Protein chains: 2
Amino acid sequence: MTGRVLVTGAGGFIGRWSVRPLLERGFEVHAVLRPGSVAPVEVQGAHLLHADLLEPSTAASLVAAVRPSHWLHFAWIATPGIYWHSPDNARWLEASLRLLDAFRAAGGRRVVMSGSCAEYDWSRVGECDERTSPLADPGRAPPYVSGKLALQRALAEAGERHGLSTAWGRIFFQYGPFEPPERLVASVIRRLLAGEDAPVTHGTQVRSFLHVADVGDAFAALLGSQLEGPVNVGSAERTTLAALLRQIETRIGGPGRLRLGAREAPPGEPTLLVPLTRRLDEELGWRPRYTLATGLAQTIEWWREATAVAGQGRLT
Amino acid sequence: MTGRVLVTGAGGFIGRWSVRPLLERGFEVHAVLRPGSVAPVEVQGAHLLHADLLEPSTAASLVAAVRPSHWLHFAWIATPGIYWHSPDNARWLEASLRLLDAFRAAGGRRVVMSGSCAEYDWSRVGECDERTSPLADPGRAPPYVSGKLALQRALAEAGERHGLSTAWGRIFFQYGPFEPPERLVASVIRRLLAGEDAPVTHGTQVRSFLHVADVGDAFAALLGSQLEGPVNVGSAERTTLAALLRQIETRIGGPGRLRLGAREAPPGEPTLLVPLTRRLDEELGWRPRYTLATGLAQTIEWWREATAVAGQGRLT
């Protein structure tokens with residue numbers, strides 16, 4: 001056994017995909033889910049705990065119950081359209097710091113937390129390097145970004161002060177099964193499958209998309225390693241949004257439904273926003289299972305099966 | 001390594017759930033998918049092969065390529081509303097027999113195939129026992145049933161004549177993620193989630209439902225065992241359809257949408273049709289992960305996430 005890992009946010013879009021890769025690497029996995037929530041099938045094989053991480057007493061009791069040697073932290077507000085400016089970001093920062101204290105005090109050794117490409121200063125950087133690229137100004141950034149920046153700093157400090165091994169995965173763009181349906185890839189797939197129009201922006205933005213099962217796998221690999229500090233979790237494969245969306249259109253059919261340029265791009269959206277992946281590729285030696293082509297094919301098929309029209313309720 | 005297993009029908013509703021349990025038991029898994037089909041995420045970790053099993057030359061080339069010691073056979077026509085009377089049943093019987101010959105000739109040792117509770121004579125048996133309950137008359141049964149009966153006989157004979165170790169899993173009722181949306185549980189969940197009426201029959205039929213991930217796990221356990229002959233793959237937990245459907249209604253809410261008695265039950269549908277599970281429980285020592293309550297909760301959540309309304313395509 002490699003260790004006993006606490007996974008917080010294990011029921012979420014990304015967190016659930018870390019469980020199987022952790023099990024495959026020999027970890028004993030303790031998955032924390034929101035109270036009253038149902039365990040997704042992807043967390044099978046983990047020990048399940050339901051806990052409200054925003055409740056101050058939870059950190060101590062959780063750590064006392066599990067005695068984790070490792071901790072993988074995904075839990076944070078992630079509601080599409082809400083999370084960016086929500087005051088809950090401050091509450092998640094507090095909860096994360098409480099957990100970090102409790103984990104360290106109970107003898108935890110290795111932590112990996114999930115950050116975001118939004119930590120980089122998009123007005124000054126296109127190809128993001130973990131060590132040299134400028135970060136956003138916490139005083140001007142939206143609460144989501146300033147919260148993540150503060151947590152990353154606190155994590156690095158706790159590492160230095162207490163000899164904790166820590167890493168911070170900066171997630172770029174991802175897609176895959178269970179993606180919140182408001183988000184770009186899920187929304188376009190769903191609309192095209194339903195025979196509806198999919199109005200999108202001009203699509204010249206250059207991005208890097210990683211299948212969410214690969215995001216989960218990369219975090220499991222990172223936790224199992226000795227790598228320290230921020231690590232971009234993204235694909236080395238770059239694409240314009242237009243090229244990505246046209247791949248979807250070609251696979252689904254229904255030409256003309258994808259309407260590039262029909263929507264305004266949000267102000268301040270960068271033209272180029274991609275990770276340099278040298279840390280992930282070379283220092284960690286990690287490889288994704290999916291290319292963009294195979295990952296999109298799998299994801300389209302998933303949505304196709306999941307959203308086929310309900311029928312007449314035959315038993316046989 | 002326990003062995004090298006060929007899984008035919010690995011992309012299907014049931015087959016895909018056998019891959020992970022096989023990997024967990026130490027098998028090297030070679031998953032056969034339909035030509036041009038996309039591998040579902042559940043078969044990650046398996047070697048993938050695309051092959052048309054109905055093509056006569058496939059059997060020999062597949063077995064030559066994989067040299068399997070074990071074989072788990074799910075592939076068969078399963079299109080809801082079609083499969084029962086389709087002439088394709090005869091083609092799948094032939095394809096299965098060709099594969100059986102090729103597997104045995106190449107030194108394969110252990111085979112488990114998937115059968116159905118429909119093999120029992122529903123007019124004469126309610127609690128189905130593998131050894132004593134009467135089977136349907138192949139001369140009067142629909143092509144699906146007579147095809148499965150013929151394959152089971154051929155498998156048993158091949159076992160006796162050639163010293164092959166064989167078992168035959170008779171699947172009762174199942175439900176779970178990716179269930180074809182025309183079928184009962186998927187259809188009622190989907191309709192209630194959409195706020196639509198779900199007209200069903202009287203619901204006094206007594207059945208046994210197993211979560212499809214447990215069906216896959218049971219087959220993996222069976223393949224890894226020495227058990228021979230027919231084995232019921234079903235839950236010891238019995239329920240009326242009404243009680244099962246009311247559990248769904250209670251979890252989803254929207255009272256009054258589930259309309260018991262609004263549809264006629266098909267002629268000849270038995271009142272009681274459940275497996276005796278002594279072979280699975282005691283001889284194999286297998287236990288399901290899900291109860292009906294936890295399995296339905298998980299399945300409802302899966303459909304809820306998968307079928308939420310698509311939104312506006314935000315990138316962040």
# chains A, B, ... in the order shown; residues from 1 in each chain; ligands from 1
>>> closest_atom_pairs(of="chain B", to="chain A", cutoff="6 Å", atoms="only C-alpha atoms", output="Markdown table")
| residue | atom | partner | partner_atom | distance |
| --- | --- | --- | --- | --- |
| B:Val38 | CA | A:Gln298 | CA | 5.8 |
| B:Pro181 | CA | A:Ala310 | CA | 4.6 |
| B:Glu182 | CA | A:Gly311 | CA | 3.9 |
| B:Arg183 | CA | A:Gly313 | CA | 4.6 |
| B:Leu184 | CA | A:Gly313 | CA | 3.7 |
| B:Ser187 | CA | A:Ala310 | CA | 5.2 |
| B:Gln298 | CA | A:Val38 | CA | 5.8 |
| B:Ala306 | CA | A:Ala306 | CA | 5.8 |
| B:Thr307 | CA | A:Thr307 | CA | 5.8 |
| B:Ala310 | CA | A:Pro181 | CA | 4.6 |
| B:Gly311 | CA | A:Glu182 | CA | 3.9 |
| B:Gln312 | CA | A:Glu182 | CA | 5.5 |
| B:Gly313 | CA | A:Leu184 | CA | 3.7 |
| B:Arg314 | CA | A:Arg183 | CA | 4.6 |
| B:Leu315 | CA | A:Leu184 | CA | 5.2 |
>>> residues_around(residues="Pro68 in chain A", least_positions_apart="2", cutoff="6 Å", atoms="only C-alpha atoms", output="list in words")
Arg4, Val5, Leu6, Val66, His70 and Gly108 of chain A
>>> closest_residue(among="A:Leu49, A:Val145, A:Ala293, A:Ala65", to="Ile77 in chain A", atoms="only C-alpha atoms")
A:Val145
>>> closest_residue(among="B:Leu100, B:Ala90, B:Met113, B:Ile252", to="Gly195 in chain B", atoms="only C-alpha atoms")
B:Ile252
>>> closest_residue(among="A:His73, A:Arg259, A:Arg91, A:Arg131", to="Val231 in chain A", atoms="only C-alpha atoms")
A:Arg131
>>> residues_around(residues="Gly11 in chain A", least_positions_apart="3", cutoff="8 Å", atoms="only C-alpha atoms", output="MDAnalysis selection string")
chainID A and resid 15:16 31:34 39:40 43
>>> write_last_selection(atoms="N, CA and C atoms", output="CSV table (one decimal), in the first residue's frame")
chain,number,residue,atom,x,y,z
A,15,GLY,N,-13.1,15.3,-9.3
A,15,GLY,CA,-12.6,14.5,-8.2
A,15,GLY,C,-13.0,13.0,-8.4
A,16,ARG,N,-14.2,12.7,-8.9
A,16,ARG,CA,-14.6,11.3,-9.1
A,16,ARG,C,-13.6,10.5,-9.9
A,31,ALA,N,-13.0,8.5,0.3
A,31,ALA,CA,-13.6,9.6,-0.5
A,31,ALA,C,-14.7,10.3,0.3
A,32,VAL,N,-14.5,11.7,0.3
A,32,VAL,CA,-15.5,12.5,1.0
A,32,VAL,C,-16.5,13.1,0.1
A,33,LEU,N,-17.7,12.9,0.4
A,33,LEU,CA,-18.8,13.3,-0.4
A,33,LEU,C,-19.7,14.3,0.4
A,34,ARG,N,-20.4,15.2,-0.3
A,34,ARG,CA,-21.3,16.1,0.4
A,34,ARG,C,-22.4,15.3,1.1
A,39,ALA,N,-23.1,8.5,-3.9
A,39,ALA,CA,-21.8,8.2,-4.5
A,39,ALA,C,-21.9,7.8,-6.0
A,40,PRO,N,-21.2,8.5,-6.9
A,40,PRO,CA,-21.2,8.1,-8.3
A,40,PRO,C,-20.5,6.8,-8.4
A,43,VAL,N,-16.6,6.1,-8.0
A,43,VAL,CA,-15.8,6.1,-6.7
A,43,VAL,C,-15.9,4.7,-6.1
>>> select_by_dssp(residues="range 82-256 of chain B", states="alpha helix (DSSP H)", output="ChimeraX atom specification")
/B:88-105,143-162,184-193,212-223,241-252
>>> residues_around(residues="Ala95 in chain A", least_positions_apart="3", cutoff="6 Å", atoms="only C-alpha atoms", output="VMD selection string")
chain A and resid 54 92 98
>>> closest_residue(among="B:Leu93, B:Ile171, B:Gln205, B:His85", to="Ala154 in chain B", atoms="only C-alpha atoms")
B:Leu93
>>> residues_around(residues="Pro21 in chain B", least_positions_apart="5", cutoff="10 Å", atoms="only C-alpha atoms", output="PyMOL selection string")
chain B and resi 26-27+213-214+216-221
>>> write_last_selection(atoms="C-alpha atoms", output="PDB file, in the first residue's frame")
ATOM      1  CA  GLY B  26      -5.740  -9.705 -11.920  1.00  0.00           C
ATOM      2  CA  PHE B  27      -6.890 -10.664 -15.404  1.00  0.00           C
ATOM      3  CA  ALA B 213     -22.235  -2.922 -12.083  1.00  0.00           C
ATOM      4  CA  ASP B 214     -22.998  -5.857  -9.793  1.00  0.00           C
ATOM      5  CA  GLY B 216     -20.623  -7.275 -14.320  1.00  0.00           C
ATOM      6  CA  ASP B 217     -18.875  -8.025 -11.053  1.00  0.00           C
ATOM      7  CA  ALA B 218     -20.742 -11.313 -10.625  1.00  0.00           C
ATOM      8  CA  PHE B 219     -19.646 -12.436 -14.100  1.00  0.00           C
ATOM      9  CA  ALA B 220     -16.033 -11.551 -13.343  1.00  0.00           C
ATOM     10  CA  ALA B 221     -16.230 -13.545 -10.106  1.00  0.00           C
TER      11      ALA B 221
END
>>> residues_around(residues="Leu151 in chain A", least_positions_apart="2", cutoff="8 Å", atoms="only C-alpha atoms", output="list of chain:residue names")
A:Leu93, A:Ser96, A:Leu97, A:Gly147, A:Lys148, A:Leu149, A:Arg153, A:Ala154, A:Leu155
>>> write_last_selection(atoms="C-alpha atoms", output="PDB file, in the first residue's frame")
ATOM      1  CA  LEU A  93     -10.524  28.959   1.550  1.00  0.00           C
ATOM      2  CA  SER A  96      -9.275  24.253   3.159  1.00  0.00           C
ATOM      3  CA  LEU A  97      -6.908  25.924   5.631  1.00  0.00           C
ATOM      4  CA  GLY A 147      -9.053  32.377  -3.039  1.00  0.00           C
ATOM      5  CA  LYS A 148      -7.058  29.858  -5.033  1.00  0.00           C
ATOM      6  CA  LEU A 149      -3.960  32.094  -5.012  1.00  0.00           C
ATOM      7  CA  ARG A 153       0.573  30.330  -0.960  1.00  0.00           C
ATOM      8  CA  ALA A 154      -0.598  28.860   2.338  1.00  0.00           C
ATOM      9  CA  LEU A 155       0.080  25.359   1.084  1.00  0.00           C
TER      10      LEU A 155
END
>>> select_by_dssp(residues="range 31-262 of chain B", states="strand (DSSP E or B)", output="ChimeraX atom specification")
/B:31-33,47-50,70-73,110-116,120,127-128,135,165-171,173-175,183,198-199,206-211,229-233,238-240,258-259
>>> atom_distance(atom1="CA of Pro288 in chain B", atom2="CA of Thr2 in chain A")
27.3 Å
>>> atom_distance(atom1="CA of Thr8 in chain B", atom2="CA of Trp76 in chain B")
9.1 Å
